[in-house]
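K.L.:
What follows is data.cif, made up of mmCIF, C-alpha atoms:
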```cif
data_final
loop_
_atom_site.label_atom_id
_atom_site.label_comp_id
_atom_site.auth_asym_id
_atom_site.auth_seq_id
_atom_site.Cartn_x
_atom_site.Cartn_y
_atom_site.Cartn_z
CA MET E 1 4.91 -40.79 39.54
CA GLY E 2 6.12 -43.16 42.27
CA ILE E 3 4.27 -44.45 45.34
CA ILE E 4 6.27 -44.77 48.56
CA THR E 5 5.05 -46.19 51.87
CA VAL E 6 6.72 -44.56 54.88
CA SER E 7 6.35 -44.89 58.67
CA LEU E 8 6.01 -41.68 60.66
CA ASP E 9 6.09 -40.91 64.34
CA ASP E 10 2.50 -40.28 65.65
CA ASP E 11 3.24 -36.62 66.49
CA ILE E 12 4.75 -35.92 63.07
CA GLU E 13 1.83 -37.66 61.37
CA LYS E 14 -0.66 -35.54 63.32
CA LYS E 15 1.25 -32.35 62.50
CA LEU E 16 1.37 -33.35 58.84
CA ARG E 17 -2.35 -34.11 58.65
CA ASP E 18 -3.26 -30.87 60.48
CA PHE E 19 -1.03 -28.85 58.15
CA VAL E 20 -2.42 -30.53 55.02
CA LYS E 21 -5.98 -29.90 56.22
CA ARG E 22 -5.16 -26.23 56.84
CA MET E 23 -3.44 -25.79 53.45
CA HIS E 24 -5.50 -27.99 51.16
CA GLY E 25 -8.69 -28.86 53.08
CA SER E 26 -9.93 -32.34 52.28
CA ARG E 27 -8.82 -32.23 48.65
CA LYS E 28 -7.20 -35.39 47.29
CA GLY E 29 -3.42 -35.34 46.91
CA GLY E 30 -2.78 -32.77 49.66
CA ILE E 31 -0.38 -34.97 51.62
CA SER E 32 1.64 -35.76 48.47
CA LYS E 33 1.89 -32.04 47.59
CA VAL E 34 3.12 -31.08 51.07
CA ILE E 35 5.65 -33.93 51.23
CA GLU E 36 6.92 -33.22 47.70
CA ARG E 37 7.43 -29.54 48.57
CA ALA E 38 9.13 -30.39 51.88
CA LEU E 39 11.52 -32.78 50.13
CA GLU E 40 12.33 -30.22 47.42
CA ASN E 41 13.25 -27.70 50.12
CA TYR E 42 15.26 -30.35 51.98
CA PHE E 43 17.21 -31.32 48.86
CA ALA E 44 17.81 -27.65 47.95
CA LEU E 45 19.15 -27.13 51.48
CA ILE E 46 21.55 -30.08 51.45
CA ASP E 47 22.69 -29.33 47.90
CA LYS E 48 23.74 -25.81 48.94
CA PRO E 49 27.47 -25.26 48.68
CA ILE E 50 29.23 -25.12 52.04
CA ASN E 51 30.38 -21.56 51.38
CA SER E 52 27.00 -20.49 50.00
CA GLY E 53 27.94 -16.82 49.92
CA LYS E 54 30.45 -17.53 47.15
CA ILE E 55 28.85 -18.44 43.86
CA SER E 56 30.78 -19.54 40.82
CA PHE E 57 29.80 -20.24 37.23
CA LYS E 58 30.97 -22.86 34.76
CA ALA E 59 30.56 -23.02 30.99
CA LEU E 60 30.02 -26.52 29.62
CA LYS E 61 30.36 -27.73 26.04
CA ASP E 62 29.09 -31.28 25.53
CA ASP E 63 29.29 -31.86 29.32
CA THR E 64 32.95 -30.77 29.41
CA ILE E 65 33.89 -27.73 31.48
CA VAL E 66 35.51 -25.20 29.16
CA ALA E 67 35.65 -22.19 31.53
CA GLU E 68 35.03 -21.32 35.16
CA ALA E 69 34.79 -17.97 37.00
CA ASN E 70 33.18 -16.21 39.95
CA THR E 71 30.96 -13.92 37.87
CA LEU E 72 29.35 -14.11 34.44
CA ASP E 73 31.42 -11.13 33.27
CA GLU E 74 34.61 -12.97 34.22
CA LEU E 75 33.32 -16.16 32.60
CA ALA E 76 32.61 -14.28 29.35
CA SER E 77 36.09 -12.79 29.47
CA VAL E 78 37.70 -16.25 29.93
CA LEU E 79 35.68 -17.63 26.99
CA ARG E 80 36.77 -14.73 24.77
CA LYS E 81 40.41 -15.18 25.76
CA LYS E 82 40.23 -18.89 24.94
CA GLY E 83 38.46 -18.14 21.65
CA ILE E 84 35.52 -20.40 22.53
CA GLU E 85 32.33 -19.94 20.52
CA PRO E 86 29.64 -19.19 23.13
CA ARG E 87 26.63 -20.45 21.12
CA GLY E 88 25.25 -23.66 22.57
CA LEU E 89 27.23 -23.47 25.81
CA ARG E 90 25.46 -24.49 28.98
CA ILE E 91 26.08 -22.19 31.93
CA VAL E 92 25.76 -23.71 35.39
CA SER E 93 26.02 -22.14 38.82
CA SER E 94 27.43 -23.57 42.05
CA LYS E 95 24.04 -22.62 43.50
CA PRO E 96 21.66 -24.83 41.52
CA ILE E 97 18.21 -23.65 40.51
CA ARG E 98 15.20 -25.14 42.27
CA PRO E 99 13.21 -27.41 39.93
CA VAL E 100 9.86 -25.98 41.04
CA VAL E 101 9.18 -22.48 42.40
CA HIS E 102 6.18 -20.25 42.95
CA GLY E 103 5.52 -17.88 40.08
CA GLY E 104 3.63 -15.23 42.03
CA TYR E 105 0.59 -13.24 40.95
CA ARG E 106 2.05 -11.20 38.09
CA ILE E 107 3.11 -14.13 35.94
CA LYS E 108 0.38 -15.11 33.53
CA PRO E 109 0.90 -17.28 30.45
CA MET V 1 14.05 7.68 40.53
CA GLY V 2 15.04 4.09 39.76
CA SER V 3 12.27 2.59 41.86
CA TYR V 4 8.72 3.83 42.34
CA PHE V 5 5.03 2.91 42.34
CA LEU V 6 3.55 2.60 38.86
CA GLU V 7 -0.26 2.43 38.97
CA GLY V 8 -0.02 1.07 42.51
CA THR V 9 2.60 -1.56 41.66
CA PRO V 10 6.21 -1.32 42.89
CA VAL V 11 8.65 -1.26 39.99
CA LEU V 12 12.41 -1.15 39.59
CA GLU V 13 14.35 0.27 36.65
CA ILE V 14 16.95 -2.22 35.44
CA VAL V 15 19.20 -3.18 32.56
CA ILE V 16 19.44 -6.85 31.58
CA ARG V 17 22.67 -8.31 30.19
CA ASN V 18 23.83 -11.55 28.70
CA PRO V 19 27.60 -11.24 29.23
CA ILE V 20 28.29 -14.57 27.50
CA MET V 21 26.71 -13.42 24.21
CA ASN V 22 27.62 -9.76 24.85
CA LYS V 23 24.03 -8.52 24.57
CA THR V 24 22.23 -5.81 26.58
CA PHE V 25 18.56 -4.90 26.88
CA PRO V 26 17.65 -2.16 26.45
CA VAL V 27 20.64 -1.06 24.42
CA GLU V 28 20.19 2.48 25.76
CA ASP V 29 18.40 3.63 28.90
CA LYS V 30 16.59 1.27 31.31
CA VAL V 31 13.53 -0.93 31.40
CA VAL V 32 10.81 -1.13 34.06
CA ALA V 33 10.47 -4.43 35.96
CA VAL V 34 7.59 -5.28 38.28
CA ILE V 35 8.57 -6.40 41.78
CA ASP V 36 6.63 -9.50 42.85
CA THR V 37 7.53 -10.94 46.25
CA GLY V 38 5.39 -13.98 45.39
CA PHE V 39 7.77 -14.97 42.58
CA GLU V 40 10.59 -17.09 44.00
CA GLY V 41 12.82 -16.75 40.95
CA PHE V 42 15.41 -14.12 39.98
CA LEU V 43 14.03 -12.53 36.81
CA LEU V 44 11.35 -13.50 34.31
CA VAL V 45 11.20 -11.80 30.93
CA PRO V 46 8.89 -12.04 27.91
CA LYS V 47 10.09 -14.42 25.20
CA ASP V 48 10.97 -11.66 22.72
CA ILE V 49 13.32 -10.02 25.23
CA PHE V 50 14.83 -13.43 26.06
CA GLU V 51 15.58 -13.85 22.35
CA LYS V 52 16.84 -10.26 21.88
CA LEU V 53 19.39 -11.00 24.58
CA SER V 54 20.35 -14.23 22.73
CA PHE V 55 19.70 -16.33 25.84
CA ASP V 56 17.99 -18.78 23.48
CA GLN V 57 21.35 -19.31 21.75
CA LEU V 58 22.78 -20.81 24.92
CA ALA V 59 21.68 -24.22 26.22
CA VAL V 60 18.68 -23.59 28.46
CA ASP V 61 17.55 -25.33 31.64
CA GLU V 62 13.93 -26.16 32.34
CA ARG V 63 11.88 -25.96 35.51
CA ARG V 64 8.26 -25.53 36.58
CA LEU V 65 6.55 -22.48 38.01
CA ILE V 66 3.48 -22.80 40.22
CA LEU V 67 1.07 -20.06 39.22
CA ALA V 68 -1.34 -18.28 41.54
CA ASN V 69 -4.21 -20.55 40.40
CA GLY V 70 -2.20 -23.68 41.28
CA GLN V 71 -1.43 -24.46 37.64
CA TYR V 72 2.09 -25.62 36.78
CA ILE V 73 3.82 -24.07 33.80
CA ARG V 74 7.12 -24.91 32.07
CA SER V 75 9.79 -22.26 32.13
CA VAL V 76 13.18 -22.19 30.40
CA GLY V 77 16.18 -20.09 31.28
CA THR V 78 19.87 -19.60 31.73
CA TYR V 79 22.17 -17.29 33.67
CA GLY V 80 22.36 -13.56 33.02
CA GLU V 81 23.02 -10.27 34.73
CA VAL V 82 20.68 -7.61 36.10
CA VAL V 83 22.07 -4.11 36.56
CA VAL V 84 20.35 -1.59 38.82
CA PRO V 85 21.83 1.60 37.33
CA ASN V 86 20.55 3.97 40.01
CA LEU V 87 22.33 1.98 42.70
CA GLY V 88 25.41 1.21 40.58
CA ILE V 89 25.12 -2.50 41.35
CA LYS V 90 24.63 -5.70 39.40
CA PHE V 91 23.65 -9.27 40.19
CA ASP V 92 24.08 -12.58 38.38
CA GLY V 93 21.15 -14.98 38.42
CA PHE V 94 18.80 -17.31 36.57
CA ILE V 95 16.80 -15.45 33.90
CA GLU V 96 13.81 -17.34 32.60
CA THR V 97 10.86 -17.02 30.25
CA ILE V 98 7.50 -18.66 29.69
CA GLU V 99 5.15 -18.67 26.72
CA GLY V 100 2.84 -15.64 26.82
CA ALA V 101 4.69 -13.60 29.47
CA GLU V 102 4.11 -9.90 28.85
CA GLU V 103 6.06 -8.12 31.55
CA ILE V 104 9.45 -8.28 33.24
CA VAL V 105 9.13 -9.61 36.79
CA VAL V 106 11.72 -9.37 39.53
CA GLY V 107 11.48 -12.12 42.15
CA THR V 108 12.73 -12.81 45.65
CA ASN V 109 15.92 -14.47 44.42
CA LEU V 110 17.02 -11.02 43.24
CA ILE V 111 15.30 -8.96 45.93
CA GLU V 112 17.16 -10.92 48.65
CA ASN V 113 20.20 -8.81 47.69
CA LEU V 114 18.35 -5.56 48.31
CA LYS V 115 16.96 -3.52 51.15
CA LEU V 116 13.43 -2.84 50.00
CA VAL V 117 11.09 -0.47 51.85
CA LEU V 118 7.54 -0.09 50.57
CA ASP V 119 5.52 2.75 52.10
CA TYR V 120 2.05 2.34 50.67
CA CYS V 121 0.74 5.24 52.84
CA VAL V 122 2.60 7.79 50.76
CA ARG V 123 3.27 5.52 47.73
CA ARG V 124 6.99 5.77 48.30
CA MET V 125 9.58 3.10 47.71
CA GLU V 126 13.19 2.88 48.86
CA VAL V 127 15.74 0.44 47.45
CA GLY V 128 19.34 -0.06 48.55
CA ALA V 129 21.97 -2.79 48.54
CA CYS V 130 22.11 -5.03 51.61
CA LYS V 131 25.26 -6.93 50.70
CA LYS V 132 28.61 -5.81 49.48
CA PRO V 133 27.76 -5.31 45.80
CA VAL V 134 29.82 -5.89 42.70
CA ARG V 135 30.59 -2.30 41.64
CA ARG V 136 30.35 -1.36 37.97
#
```
What does the file become when written as structure tokens?

P.N.:
Amino acid sequence: MGIITVSLDDDIEKKLRDFVKRMHGSRKGGISKVIERALENYFALIDKPINSGKISFKALKDDTIVAEANTLDELASVLRKKGIEPRGLRIVSSKPIRPVVHGGYRIKP
Amino acid sequence: MGSYFLEGTPVLEIVIRNPIMNKTFPVEDKVVAVIDTGFEGFLLVPKDIFEKLSFDQLAVDERRLILANGQYIRSVGTYGEVVVPNLGIKFDGFIETIEGAEEIVVGTNLIENLKLVLDYCVRRMEVGACKKPVRR
């Protein structure tokens, strides 16, 4: 866990502190949580493909792309045609998954 | 039917597929998934279903889910397909599992492709496609 010192405009700082107070009260670590979440959203936004409506999938074997297609069905078909064993393949999407998301109320371990 | 209220909870009947390993769950008929607009993922399944679909035989990615009590939990998953048979549409997305999960949960990452109307007054639910779907 890293510690970063940043300078903020007075208005932004006030907005941040008000928001943190509203969301987390006076609990310790509130500012870090809000900033971490804001940065995750920011990175997810800038990492979005330019044509975000079009998603494609790639199959990787040992970090080498062995097949690419617009849908998983097509990807499976390409792998079969090439005779590639699917076990152990890593499937990645052009729309990356977010590293942290809310699980909702139904999900209980 | 396809979508309805089950004991006060909105549910959707789906079929889950792993096209890469050529596996389908359930093999016949459909399975009921709970709709949770608080879940920001695509689909979460219990571990046994994840394994029946051979998702565990592909390389999985990890991430963290923030639970309702603020606790973080590790989730693993890979990409699969969800079919909504009553609408004749299917969607590709990240299908994940956590230790101890007991039900199938549909999240906003999947619902964002659907028009979803919940009428709690008469316990009626309406689901339709909002984008041009991939036809089966």

K.L.:
Within 7 Å of chain E, which residues of chain V come that close, and what is the closest atom pair and distance in Å for each? Count all atoms listed in the file and give it as a Markdown table.

P.N.:
```
| residue | atom | partner | partner_atom | distance |
| --- | --- | --- | --- | --- |
| V:Pro19 | CA | E:Asp73 | CA | 5.6 |
| V:Ile20 | CA | E:Ala76 | CA | 4.7 |
| V:Met21 | CA | E:Pro86 | CA | 6.6 |
| V:Asp36 | CA | E:Gly104 | CA | 6.5 |
| V:Gly38 | CA | E:Gly104 | CA | 4.0 |
| V:Phe39 | CA | E:Gly104 | CA | 4.2 |
| V:Glu40 | CA | E:His102 | CA | 5.5 |
| V:Gly41 | CA | E:Val101 | CA | 6.9 |
| V:Gln57 | CA | E:Arg87 | CA | 5.4 |
| V:Leu58 | CA | E:Gly88 | CA | 4.4 |
| V:Ala59 | CA | E:Arg90 | CA | 4.7 |
| V:Val60 | CA | E:Arg90 | CA | 6.9 |
| V:Arg63 | CA | E:Pro99 | CA | 4.8 |
| V:Arg64 | CA | E:Val100 | CA | 4.8 |
| V:Leu65 | CA | E:Val101 | CA | 5.1 |
| V:Ile66 | CA | E:His102 | CA | 4.6 |
| V:Leu67 | CA | E:Gly103 | CA | 5.0 |
| V:Ala68 | CA | E:Tyr105 | CA | 5.4 |
| V:Thr78 | CA | E:Ile91 | CA | 6.7 |
| V:Tyr79 | CA | E:Ile91 | CA | 6.5 |
| V:Asp92 | CA | E:Leu72 | CA | 6.8 |
| V:Ile98 | CA | E:Pro109 | CA | 6.8 |
| V:Glu99 | CA | E:Pro109 | CA | 5.8 |
| V:Gly100 | CA | E:Pro109 | CA | 4.4 |
| V:Ala101 | CA | E:Pro109 | CA | 5.4 |
```

K.L.:
Take the PyMOL selection byres ((chain V and resi 130) around 6), run it mentally on this structure, and tell me the resulting residues as number ranges by chain.

P.N.:
V: 113-115, 129, 131

K.L.:
When you count only C-alpha atoms, which of these residues is closest to Gly8 of chain V: V:Ile95, V:Val127, V:Leu118, V:Leu87?

P.N.:
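Nearest candidate to Gly8 of chain V out of V:Ile95, V:Val127, V:Leu118, V:Leu87: V:Leu118.
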
K.L.:
Just want the 12 Å neighbourhood of Gly128 of chain V, counted on only C-alpha atoms, with same-chain residues fewer than 2 positions away dropped. Output as a list in words.

P.N.:
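Result of the neighbour search: Gly2, Ser3, Leu12, Val84, Pro85, Asn86, Leu87, Gly88, Ile89, Lys90, Ile111, Glu112, Asn113, Leu114, Lys115, Leu116, Val117, Leu118, Met125, Glu126, Cys130, Lys131, Lys132 and Pro133 of chain V.
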
K.L.:
So how far away is atom CA of Tyr72 of chain V from atom CA of Ile4 of chain E, in Å?

P.N.:
22.9 Å

K.L.:
I'd like the interatomic distance between atom CA of Asp29 of chain V and atom CA of Glu103 of chain V, to a tenth of an Å.

P.N.:
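Atom-to-atom, atom CA of Asp29 of chain V and atom CA of Glu103 of chain V are spaced 17.2 Å apart.
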
K.L.:
With 8 Å added on each side, what axis-aligned box encloses every listed atom of segment 5-18 of chain E? Give the centre and edge lengths in Å to one decimal, as JSON.

P.N.:
```
{"center_x": 1.7, "center_y": -38.5, "center_z": 59.2, "size_x": 26.0, "size_y": 31.3, "size_z": 30.6}
```

K.L.:
Using atom CA of Val15 of chain V and atom CA of Lys30 of chain V as the two end points, give the distance in Å to one decimal.

P.N.:
5.3 Å

K.L.:
Rank V:Glu7, V:Thr37, V:Gly70, V:Asn18 by their smallest atom-to-atom distance to Lys33 of chain E, using only C-alpha atoms, and report the top residue only.

P.N.:
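Among the listed residues, the smallest separation from Lys33 of chain E belongs to V:Gly70.
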
K.L.:
Could you name the residues that touch Phe42 of chain V at 7 Å or less, counting all atoms listed in the file, but leaving out those on the same chain fewer than 6 positions away, as a compact mmCIF listing (two decimals) with C-alpha atoms, keeping the file's coordinate frame?

P.N.:
```txt
# COMPACT_ATOMS: atom_id res chain seq x y z
CA GLY V 93 21.15 -14.98 38.42
CA PHE V 94 18.80 -17.31 36.57
CA ILE V 95 16.80 -15.45 33.90
CA VAL V 106 11.72 -9.37 39.53
CA GLY V 107 11.48 -12.12 42.15
CA THR V 108 12.73 -12.81 45.65
CA ASN V 109 15.92 -14.47 44.42
CA LEU V 110 17.02 -11.02 43.24
```

K.L.:
Out of V:Met1, V:Val83, V:Ile16, V:Ala33, which residue has the shortest atom-to-atom distance to Leu53 of chain V when counting only C-alpha atoms?

P.N.:
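Closest to Leu53 of chain V, using only C-alpha atoms: V:Ile16.
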
K.L.:
Name the residues in contact with segment 17-21 of chain E at a cut-off of 8 Å, using only C-alpha atoms, excluding same-chain residues fewer than 3 positions from it; report them as a list in words.

P.N.:
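Listed by chain and then number, they are Glu13, Lys14, His24, Gly25, Ser26, Gly30, Ile31 and Val34 of chain E.
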